[in-house]
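A.B. asks: Just one file: query_38.txt, with compact mmCIF, C-alpha atoms.
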```
# COMPACT_ATOMS: atom_id res chain seq x y z
CA MET A 2 -113.42 -48.09 77.19
CA SER A 3 -114.27 -47.81 73.51
CA ALA A 4 -111.87 -46.31 70.99
CA LEU A 5 -114.77 -45.08 68.88
CA PRO A 6 -114.06 -41.54 67.63
CA PHE A 7 -117.18 -39.80 68.94
CA ASP A 8 -117.94 -37.08 71.45
CA ILE A 9 -121.25 -37.44 73.26
CA ALA A 10 -123.88 -35.04 74.60
CA ALA A 11 -127.05 -36.16 76.38
CA ALA A 12 -129.80 -34.51 78.42
CA SER A 13 -133.43 -34.77 79.48
CA VAL A 14 -135.88 -32.09 80.64
CA GLN A 15 -139.38 -32.30 82.07
CA GLY A 16 -142.11 -31.06 79.76
CA ARG A 17 -144.15 -27.95 80.56
CA GLU A 18 -147.46 -29.81 80.59
CA HIS A 19 -146.06 -32.59 82.75
CA ALA A 20 -144.94 -30.01 85.30
CA ARG A 21 -148.37 -28.37 85.27
CA ALA A 22 -150.07 -31.73 85.84
CA GLY A 23 -147.70 -32.66 88.67
CA ARG A 24 -146.23 -35.60 86.74
CA ASN A 25 -142.59 -36.63 86.75
CA ASN A 26 -140.34 -36.57 83.71
CA GLN A 27 -141.46 -39.84 82.15
CA ASP A 28 -138.57 -40.05 79.68
CA ALA A 29 -135.40 -42.02 80.28
CA LEU A 30 -132.00 -42.41 78.68
CA CYS A 31 -129.14 -44.83 79.08
CA LEU A 32 -125.74 -44.86 77.41
CA ARG A 33 -122.89 -47.30 77.93
CA VAL A 34 -119.50 -47.51 76.26
CA SER A 35 -117.28 -50.60 76.31
CA GLU A 36 -114.40 -52.07 74.36
CA HIS A 37 -116.98 -53.70 72.10
CA GLY A 38 -118.92 -50.58 71.18
CA LEU A 39 -121.38 -47.94 72.27
CA VAL A 40 -125.07 -48.45 73.02
CA ALA A 41 -127.50 -45.55 73.58
CA VAL A 42 -131.26 -45.66 74.09
CA VAL A 43 -133.91 -43.04 74.88
CA ALA A 44 -137.43 -43.97 75.98
CA ASP A 45 -140.75 -42.25 76.59
CA GLY A 46 -143.10 -43.74 79.17
CA CYS A 47 -146.82 -43.81 78.42
CA GLY A 48 -148.15 -40.61 79.99
CA SER A 49 -151.50 -42.12 81.02
CA GLN A 50 -149.89 -44.69 83.31
CA PRO A 51 -148.95 -43.80 86.91
CA CYS A 52 -145.48 -45.43 86.93
CA SER A 53 -144.46 -45.06 83.29
CA GLU A 54 -141.17 -43.37 84.16
CA LEU A 55 -140.17 -46.53 86.02
CA GLY A 56 -140.94 -48.68 83.00
CA ALA A 57 -138.92 -46.37 80.75
CA GLN A 58 -135.95 -46.42 83.13
CA LEU A 59 -135.99 -50.20 83.49
CA GLY A 60 -136.45 -50.66 79.74
CA VAL A 61 -133.50 -48.55 78.61
CA ARG A 62 -131.16 -50.04 81.19
CA ARG A 63 -132.11 -53.61 80.34
CA LEU A 64 -131.80 -53.00 76.62
CA VAL A 65 -128.38 -51.33 76.89
CA GLN A 66 -127.09 -54.06 79.20
CA ALA A 67 -128.38 -56.80 76.91
CA ALA A 68 -126.89 -55.19 73.79
CA GLN A 69 -123.49 -54.85 75.42
CA GLN A 70 -123.63 -58.46 76.55
CA ARG A 71 -124.46 -59.64 73.05
CA LEU A 72 -121.57 -57.61 71.62
CA ALA A 73 -119.22 -59.12 74.22
CA GLU A 74 -120.35 -62.59 73.13
CA GLY A 75 -119.39 -61.83 69.54
CA GLU A 76 -122.81 -61.10 68.03
CA ARG A 77 -122.88 -58.64 65.14
CA VAL A 78 -125.45 -55.90 64.70
CA ASP A 79 -125.93 -56.89 61.06
CA GLU A 80 -127.06 -60.39 61.99
CA GLY A 81 -130.75 -61.06 61.49
CA ASN A 82 -131.31 -62.23 65.07
CA PHE A 83 -129.67 -59.29 66.83
CA LEU A 84 -132.76 -57.06 67.22
CA PRO A 85 -135.20 -59.94 67.84
CA GLY A 86 -132.82 -61.16 70.54
CA LEU A 87 -132.74 -57.72 72.19
CA ARG A 88 -136.51 -57.59 72.09
CA GLU A 89 -136.74 -60.94 73.85
CA ASP A 90 -134.28 -59.73 76.50
CA VAL A 91 -136.55 -56.78 77.31
CA LEU A 92 -139.72 -58.89 77.21
CA CYS A 93 -138.09 -61.38 79.55
CA LEU A 94 -137.61 -58.61 82.11
CA LEU A 95 -141.21 -57.44 81.69
CA GLY A 96 -142.43 -61.01 81.98
CA GLU A 97 -140.55 -61.46 85.24
CA LEU A 98 -142.08 -58.25 86.57
CA ARG A 99 -145.53 -59.49 85.62
CA GLY A 100 -144.87 -62.73 87.46
CA GLU A 101 -143.75 -60.91 90.60
CA LEU A 102 -146.15 -57.95 90.58
CA GLY A 103 -149.18 -59.16 88.65
CA ARG A 104 -150.60 -58.45 85.20
CA ASP A 105 -151.90 -55.00 86.07
CA ALA A 106 -148.40 -53.78 86.97
CA VAL A 107 -147.12 -54.38 83.43
CA GLY A 108 -149.59 -51.77 82.20
CA ASP A 109 -147.47 -49.21 84.05
CA PHE A 110 -144.39 -50.24 82.05
CA LEU A 111 -145.42 -49.05 78.59
CA PHE A 112 -142.71 -47.10 76.78
CA THR A 113 -141.50 -46.25 73.29
CA LEU A 114 -137.80 -46.25 72.50
CA VAL A 115 -135.20 -45.12 69.98
CA GLY A 116 -131.71 -46.57 70.18
CA ALA A 117 -128.39 -47.16 68.46
CA VAL A 118 -125.60 -49.70 68.69
CA VAL A 119 -122.30 -48.37 67.37
CA THR A 120 -119.44 -50.80 66.79
CA PRO A 121 -116.11 -50.14 65.06
CA SER A 122 -117.53 -51.52 61.80
CA LYS A 123 -121.32 -51.03 61.80
CA THR A 124 -123.92 -48.69 63.30
CA LEU A 125 -127.49 -49.88 63.83
CA ILE A 126 -130.35 -47.48 64.61
CA PHE A 127 -133.63 -49.00 65.80
CA SER A 128 -136.94 -48.07 67.39
CA ALA A 129 -140.28 -49.20 68.77
CA GLY A 130 -142.96 -46.52 68.73
CA ASP A 131 -142.53 -42.79 68.23
CA GLY A 132 -139.56 -40.47 68.59
CA VAL A 133 -136.96 -38.81 66.36
CA TRP A 134 -133.57 -39.78 64.99
CA ALA A 135 -131.10 -38.02 62.74
CA LEU A 136 -128.06 -39.23 60.84
CA ASN A 137 -125.53 -36.82 59.33
CA GLY A 138 -128.00 -33.96 59.46
CA GLU A 139 -130.99 -35.81 57.95
CA VAL A 140 -133.84 -35.83 60.48
CA HIS A 141 -136.34 -38.71 60.63
CA PRO A 142 -139.48 -38.31 62.78
CA LEU A 143 -141.18 -41.53 63.92
CA GLY A 144 -144.95 -41.14 64.16
CA PRO A 145 -147.31 -39.67 65.12
CA PHE A 146 -149.54 -42.73 65.27
CA PRO A 147 -153.34 -42.79 64.96
CA GLY A 148 -155.05 -41.66 68.12
CA ASN A 149 -151.67 -40.65 69.55
CA ALA A 150 -151.28 -44.32 70.51
CA PRO A 151 -147.83 -45.59 69.53
CA PRO A 152 -147.09 -49.33 69.70
CA TYR A 153 -145.37 -50.58 72.85
CA LEU A 154 -143.15 -53.63 73.28
CA ALA A 155 -145.04 -54.56 76.46
CA TYR A 156 -148.20 -55.28 74.46
CA ALA A 157 -146.79 -58.76 73.82
CA ILE A 158 -146.77 -59.44 77.58
CA LEU A 159 -150.34 -58.20 77.86
CA GLY A 160 -151.58 -60.47 75.08
CA GLY A 161 -151.81 -57.69 72.52
CA ALA A 162 -149.89 -56.80 69.36
CA ASP A 163 -146.50 -58.38 68.73
CA VAL A 164 -144.52 -55.13 68.42
CA PRO A 165 -140.99 -55.58 67.01
CA LEU A 166 -137.79 -53.62 67.40
CA THR A 167 -137.55 -52.08 63.93
CA ALA A 168 -134.24 -51.34 62.23
CA GLN A 169 -134.22 -47.76 60.94
CA ALA A 170 -130.71 -47.73 59.49
CA LEU A 171 -127.64 -49.97 59.25
CA VAL A 172 -124.57 -48.14 57.96
CA PRO A 173 -120.78 -48.42 58.11
CA THR A 174 -119.59 -46.59 61.23
CA GLU A 175 -116.96 -44.81 59.14
CA ASP A 176 -119.87 -43.03 57.40
CA VAL A 177 -121.38 -41.75 60.68
CA HIS A 178 -120.46 -38.13 61.34
CA ALA A 179 -123.38 -37.06 63.54
CA LEU A 180 -126.09 -39.18 65.12
CA MET A 181 -129.04 -38.02 67.24
CA LEU A 182 -131.63 -40.04 69.15
CA GLY A 183 -134.64 -38.30 70.68
CA THR A 184 -138.01 -38.89 72.27
CA ASP A 185 -141.04 -37.30 70.64
CA GLY A 186 -140.44 -34.08 72.58
CA VAL A 187 -137.55 -33.43 70.18
CA ALA A 188 -140.13 -33.08 67.39
CA ASP A 189 -141.51 -30.08 69.29
CA LEU A 190 -137.99 -28.69 69.62
CA ALA A 191 -137.48 -29.00 65.87
CA ARG A 192 -140.48 -26.74 65.24
CA LEU A 193 -139.16 -23.95 67.47
CA ALA A 194 -136.32 -22.67 65.27
CA SER A 195 -137.80 -19.18 64.88
CA ALA A 196 -139.28 -18.92 68.39
CA ARG A 197 -137.60 -16.64 70.92
CA VAL A 198 -135.69 -18.01 73.89
CA PRO A 199 -137.50 -17.04 77.13
CA GLU A 200 -136.12 -13.77 78.56
CA LYS A 201 -133.52 -13.54 75.77
CA ASP A 202 -133.51 -11.65 72.48
CA GLU A 203 -132.39 -14.61 70.39
CA PRO A 204 -134.06 -17.36 68.38
CA VAL A 205 -134.08 -20.96 69.55
CA GLY A 206 -132.33 -21.93 66.33
CA PRO A 207 -132.43 -25.08 64.18
CA LEU A 208 -132.25 -28.61 65.50
CA SER A 209 -128.90 -29.02 63.74
CA GLN A 210 -127.21 -26.95 66.45
CA LEU A 211 -127.39 -30.05 68.66
CA TRP A 212 -124.60 -31.63 66.60
CA THR A 213 -122.88 -28.53 65.18
CA ASP A 214 -122.48 -26.35 68.29
CA ASP A 215 -119.18 -27.14 70.05
CA ARG A 216 -120.41 -26.06 73.49
CA TYR A 217 -122.58 -29.14 73.87
CA PHE A 218 -119.52 -31.36 73.58
CA THR A 219 -117.01 -29.30 75.57
CA ASN A 220 -119.28 -28.75 78.59
CA PRO A 221 -121.07 -31.93 79.78
CA ASP A 222 -123.90 -29.87 81.31
CA ALA A 223 -124.43 -27.44 78.44
CA LEU A 224 -127.16 -29.39 76.67
CA ARG A 225 -129.20 -29.89 79.83
CA ARG A 226 -128.87 -26.19 80.66
CA ARG A 227 -130.02 -25.22 77.18
CA LEU A 228 -133.12 -27.42 77.32
CA SER A 229 -133.91 -26.13 80.81
CA LEU A 230 -133.58 -22.54 79.60
CA LEU A 231 -135.98 -23.17 76.74
CA ASN A 232 -138.52 -24.56 79.17
CA ARG A 233 -138.22 -21.88 81.85
CA GLU A 234 -141.32 -19.82 82.50
CA SER A 235 -140.68 -16.15 81.80
CA VAL A 236 -142.17 -13.62 84.24
CA ARG A 237 -142.09 -9.87 83.61
CA ALA A 238 -143.91 -6.82 84.88
CA ASP A 239 -146.04 -4.81 82.46
CA PHE A 240 -146.04 -1.51 84.34
CA GLU A 241 -148.28 0.26 81.86
CA ALA A 242 -151.00 -2.38 82.20
CA ARG A 243 -150.20 -2.90 85.89
CA ARG A 244 -149.98 -6.65 85.61
CA VAL A 245 -147.53 -9.54 85.64
CA VAL A 246 -147.05 -11.27 82.30
CA ARG A 247 -146.15 -14.95 82.40
CA THR A 248 -144.85 -16.71 79.28
CA PRO A 249 -144.75 -20.51 79.54
CA GLY A 250 -141.77 -22.66 78.63
CA LEU A 251 -141.47 -23.76 75.02
CA LEU A 252 -141.41 -27.56 75.36
CA PRO A 253 -144.81 -29.03 76.23
CA ASP A 254 -143.63 -32.64 76.44
CA ASP A 255 -140.69 -34.28 78.19
CA THR A 256 -137.69 -33.94 75.88
CA THR A 257 -134.72 -36.29 75.88
CA VAL A 258 -131.83 -36.41 73.43
CA VAL A 259 -128.52 -38.19 72.89
CA VAL A 260 -126.09 -36.83 70.31
CA LEU A 261 -122.89 -38.38 68.96
CA ARG A 262 -120.47 -36.33 66.87
CA ARG A 263 -117.30 -37.54 65.22
CA ARG A 264 -114.20 -35.93 66.66
CA MET A 265 -112.39 -33.61 64.32
CA GLY A 266 -109.51 -35.30 62.57
CA ARG A 267 -110.61 -38.85 63.56
CA ALA A 268 -111.53 -41.43 60.98
```
Show me the file's structure as structure tokens.
C.D. replies:
Amino acid sequence: MSALPFDIAAASVQGREHARAGRNNQDALCLRVSEHGLVAVVADGCGSQPCSELGAQLGVRRLVQAAQQRLAEGERVDEGNFLPGLREDVLCLLGELRGELGRDAVGDFLFTLVGAVVTPSKTLIFSAGDGVWALNGEVHPLGPFPGNAPPYLAYAILGGADVPLTAQALVPTEDVHALMLGTDGVADLARLASARVPEKDEPVGPLSQLWTDDRYFTNPDALRRRLSLLNRESVRADFEARRVVRTPGLLPDDTTVVVLRRRMGRA
């Protein structure tokens, strides 16, 4: 296990519009801690593809596994070949899938991603496509892209654009106090601060609560429950009008988030 001084909260919830359309939650997350460091990745499968949740799941797991392997072999996140090497690891998996399943199958494996590798000395935040990340309270949206068409790593396998893994930040780990990784559904969450929680007389609140509210780090299910509450359809009876009033959930898109917060009193 890692001795890194961080508490972790992570959760994913199906978007309102995905539920209405009968689609699965097409986001994915993977997080793995070892003696060499911590690797966390969130991904958003391309909603127009029938098996995009599978691509997102395979992508995050392969990337986290490959990053941990590279750390175990002594690679450093501040080396120039670290992210290109991770990209090749993921493309190798996609290339093998294409060889086994055919070219058309790779079209189902389009996904964006936002990730971080945290070692005792350095923290690297990276991405490919859209999403959201935040460091020490400063929020950084990624996208939107023209035509709502973010770049996907798998384009390289399909003979398209050569999409890189892009470094968003490289900082000393001692300077990391709160770190958040999110799919693009978190951008919707950020805009809901003044909205009312379904069936409750309280505001949703600012995005910063994800790393400032202790409950998300003391109860491992608290963050998932909160996201599920925000996306619950509210049903009430309007007796005066003699009708049932339905208020939809607040999150239209699948929403996935990983949050790291430095433990109090730990350097």
A.B. asks: Quick one: of A:Phe146, A:Phe240, A:Trp212, A:Phe112, who's nearest to Ala10 in chain A, counting only C-alpha atoms?
C.D. replies: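 Comparing A:Phe146, A:Phe240, A:Trp212, A:Phe112 against Ala10 in chain A, the winner is A:Trp212.
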A.B. asks: For Ala135 in chain A, which of A:Leu211, A:Pro152, A:Arg33, A:Ala196 is the closest residue, counting all atoms listed in the file?
C.D. replies: A:Leu211
A.B. asks: List every residue of range 98-167 of chain A that has an atom at most 6 Å from any atom of range 36-50 of chain A, giving for each one its closest atom pair and the distance in Å to one decimal, counting all atoms listed in the file, sorted by chain and then by ascending residue number, as JSON lines.
C.D. replies:
```
{"residue": "A:Asp109", "atom": "CA", "partner": "A:Gln50", "partner_atom": "CA", "distance": 5.2}
{"residue": "A:Leu111", "atom": "CA", "partner": "A:Cys47", "partner_atom": "CA", "distance": 5.4}
{"residue": "A:Phe112", "atom": "CA", "partner": "A:Gly46", "partner_atom": "CA", "distance": 4.1}
{"residue": "A:Thr113", "atom": "CA", "partner": "A:Asp45", "partner_atom": "CA", "distance": 5.2}
{"residue": "A:Leu114", "atom": "CA", "partner": "A:Ala44", "partner_atom": "CA", "distance": 4.2}
{"residue": "A:Val115", "atom": "CA", "partner": "A:Val43", "partner_atom": "CA", "distance": 5.5}
{"residue": "A:Gly116", "atom": "CA", "partner": "A:Val42", "partner_atom": "CA", "distance": 4.0}
{"residue": "A:Ala117", "atom": "CA", "partner": "A:Ala41", "partner_atom": "CA", "distance": 5.4}
{"residue": "A:Val118", "atom": "CA", "partner": "A:Val40", "partner_atom": "CA", "distance": 4.5}
{"residue": "A:Val119", "atom": "CA", "partner": "A:Leu39", "partner_atom": "CA", "distance": 5.0}
{"residue": "A:Thr120", "atom": "CA", "partner": "A:Gly38", "partner_atom": "CA", "distance": 4.4}
```
A.B. asks: Could you check the closest approach to Lys201 in chain A for each of A:Arg233, A:Asp215, A:Ala179, A:Asp189 and tell me which residue wins, using all atoms listed in the file?
C.D. replies: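 Smallest distance to Lys201 in chain A is found for A:Arg233.
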A.B. asks: Between CA of Asp255 in chain A and CA of Ser229 in chain A, measure the distance and give it in Å to one decimal.
C.D. replies: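 Straight-line distance from CA of Asp255 in chain A to CA of Ser229 in chain A works out to 10.9 Å.
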A.B. asks: Please determine the residues with any atom at most 8 Å from (-141.7, -35.1, 67.9) (coordinates as given in the file, with all atoms listed in the file counting) and report them as an NGL selection string.
C.D. replies: :A and (131-133 or 142-145 or 184-191)
A.B. asks: Within 7 Å of range 89-100 of chain A, counting all atoms listed in the file, which residues qualify if same-chain residues fewer than 3 places away don't, as a list in words?
C.D. replies: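 Answer for this query is Gly60, Arg63, Leu64, Ala67, Pro85, Gly86, Gly103, Arg104, Ala106, Val107, Ala155 and Ile158 of chain A.
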A.B. asks: Missing atoms in range 58-79 of chain A: can you complete it with N, CA and C atoms, as a JSON list (two decimals), in the frame of the given file?
C.D. replies:
```
[["chain", "number", "residue", "atom", "x", "y", "z"],
["A", 58, "GLN", "N", -137.29, -46.28, 82.55],
["A", 58, "GLN", "CA", -135.95, -46.42, 83.13],
["A", 58, "GLN", "C", -135.48, -47.87, 83.10],
["A", 59, "LEU", "N", -136.35, -48.79, 83.50],
["A", 59, "LEU", "CA", -135.99, -50.20, 83.49],
["A", 59, "LEU", "C", -135.74, -50.68, 82.06],
["A", 60, "GLY", "N", -136.58, -50.22, 81.12],
["A", 60, "GLY", "CA", -136.45, -50.66, 79.74],
["A", 60, "GLY", "C", -135.13, -50.26, 79.10],
["A", 61, "VAL", "N", -134.74, -48.99, 79.26],
["A", 61, "VAL", "CA", -133.50, -48.55, 78.61],
["A", 61, "VAL", "C", -132.29, -49.24, 79.23],
["A", 62, "ARG", "N", -132.31, -49.42, 80.54],
["A", 62, "ARG", "CA", -131.16, -50.04, 81.19],
["A", 62, "ARG", "C", -131.03, -51.51, 80.80],
["A", 63, "ARG", "N", -132.16, -52.20, 80.75],
["A", 63, "ARG", "CA", -132.11, -53.61, 80.34],
["A", 63, "ARG", "C", -131.64, -53.74, 78.91],
["A", 64, "LEU", "N", -132.15, -52.89, 78.03],
["A", 64, "LEU", "CA", -131.80, -53.00, 76.62],
["A", 64, "LEU", "C", -130.31, -52.70, 76.40],
["A", 65, "VAL", "N", -129.80, -51.67, 77.05],
["A", 65, "VAL", "CA", -128.38, -51.33, 76.89],
["A", 65, "VAL", "C", -127.50, -52.45, 77.44],
["A", 66, "GLN", "N", -127.86, -52.96, 78.61],
["A", 66, "GLN", "CA", -127.09, -54.06, 79.20],
["A", 66, "GLN", "C", -127.09, -55.29, 78.29],
["A", 67, "ALA", "N", -128.27, -55.62, 77.76],
["A", 67, "ALA", "CA", -128.38, -56.80, 76.91],
["A", 67, "ALA", "C", -127.59, -56.62, 75.61],
["A", 68, "ALA", "N", -127.63, -55.43, 75.02],
["A", 68, "ALA", "CA", -126.89, -55.19, 73.79],
["A", 68, "ALA", "C", -125.39, -55.31, 74.02],
["A", 69, "GLN", "N", -124.91, -54.75, 75.12],
["A", 69, "GLN", "CA", -123.49, -54.85, 75.42],
["A", 69, "GLN", "C", -123.08, -56.30, 75.66],
["A", 70, "GLN", "N", -123.93, -57.05, 76.31],
["A", 70, "GLN", "CA", -123.63, -58.46, 76.55],
["A", 70, "GLN", "C", -123.56, -59.24, 75.24],
["A", 71, "ARG", "N", -124.47, -58.96, 74.35],
["A", 71, "ARG", "CA", -124.46, -59.64, 73.05],
["A", 71, "ARG", "C", -123.21, -59.27, 72.24],
["A", 72, "LEU", "N", -122.81, -58.01, 72.30],
["A", 72, "LEU", "CA", -121.57, -57.61, 71.62],
["A", 72, "LEU", "C", -120.37, -58.33, 72.21],
["A", 73, "ALA", "N", -120.33, -58.44, 73.54],
["A", 73, "ALA", "CA", -119.22, -59.12, 74.22],
["A", 73, "ALA", "C", -119.15, -60.60, 73.84],
["A", 74, "GLU", "N", -120.30, -61.18, 73.52],
["A", 74, "GLU", "CA", -120.35, -62.59, 73.13],
["A", 74, "GLU", "C", -120.09, -62.80, 71.65],
["A", 75, "GLY", "N", -119.77, -61.72, 70.94],
["A", 75, "GLY", "CA", -119.39, -61.83, 69.54],
["A", 75, "GLY", "C", -120.51, -61.67, 68.54],
["A", 76, "GLU", "N", -121.72, -61.33, 68.98],
["A", 76, "GLU", "CA", -122.81, -61.10, 68.03],
["A", 76, "GLU", "C", -122.56, -59.82, 67.24],
["A", 77, "ARG", "N", -123.02, -59.80, 66.00],
["A", 77, "ARG", "CA", -122.88, -58.64, 65.14],
["A", 77, "ARG", "C", -124.23, -57.96, 64.94],
["A", 78, "VAL", "N", -124.18, -56.64, 64.84],
["A", 78, "VAL", "CA", -125.45, -55.90, 64.70],
["A", 78, "VAL", "C", -126.10, -56.13, 63.34],
["A", 79, "ASP", "N", -125.35, -56.63, 62.37],
["A", 79, "ASP", "CA", -125.93, -56.89, 61.06],
["A", 79, "ASP", "C", -126.47, -58.31, 60.93]]
```
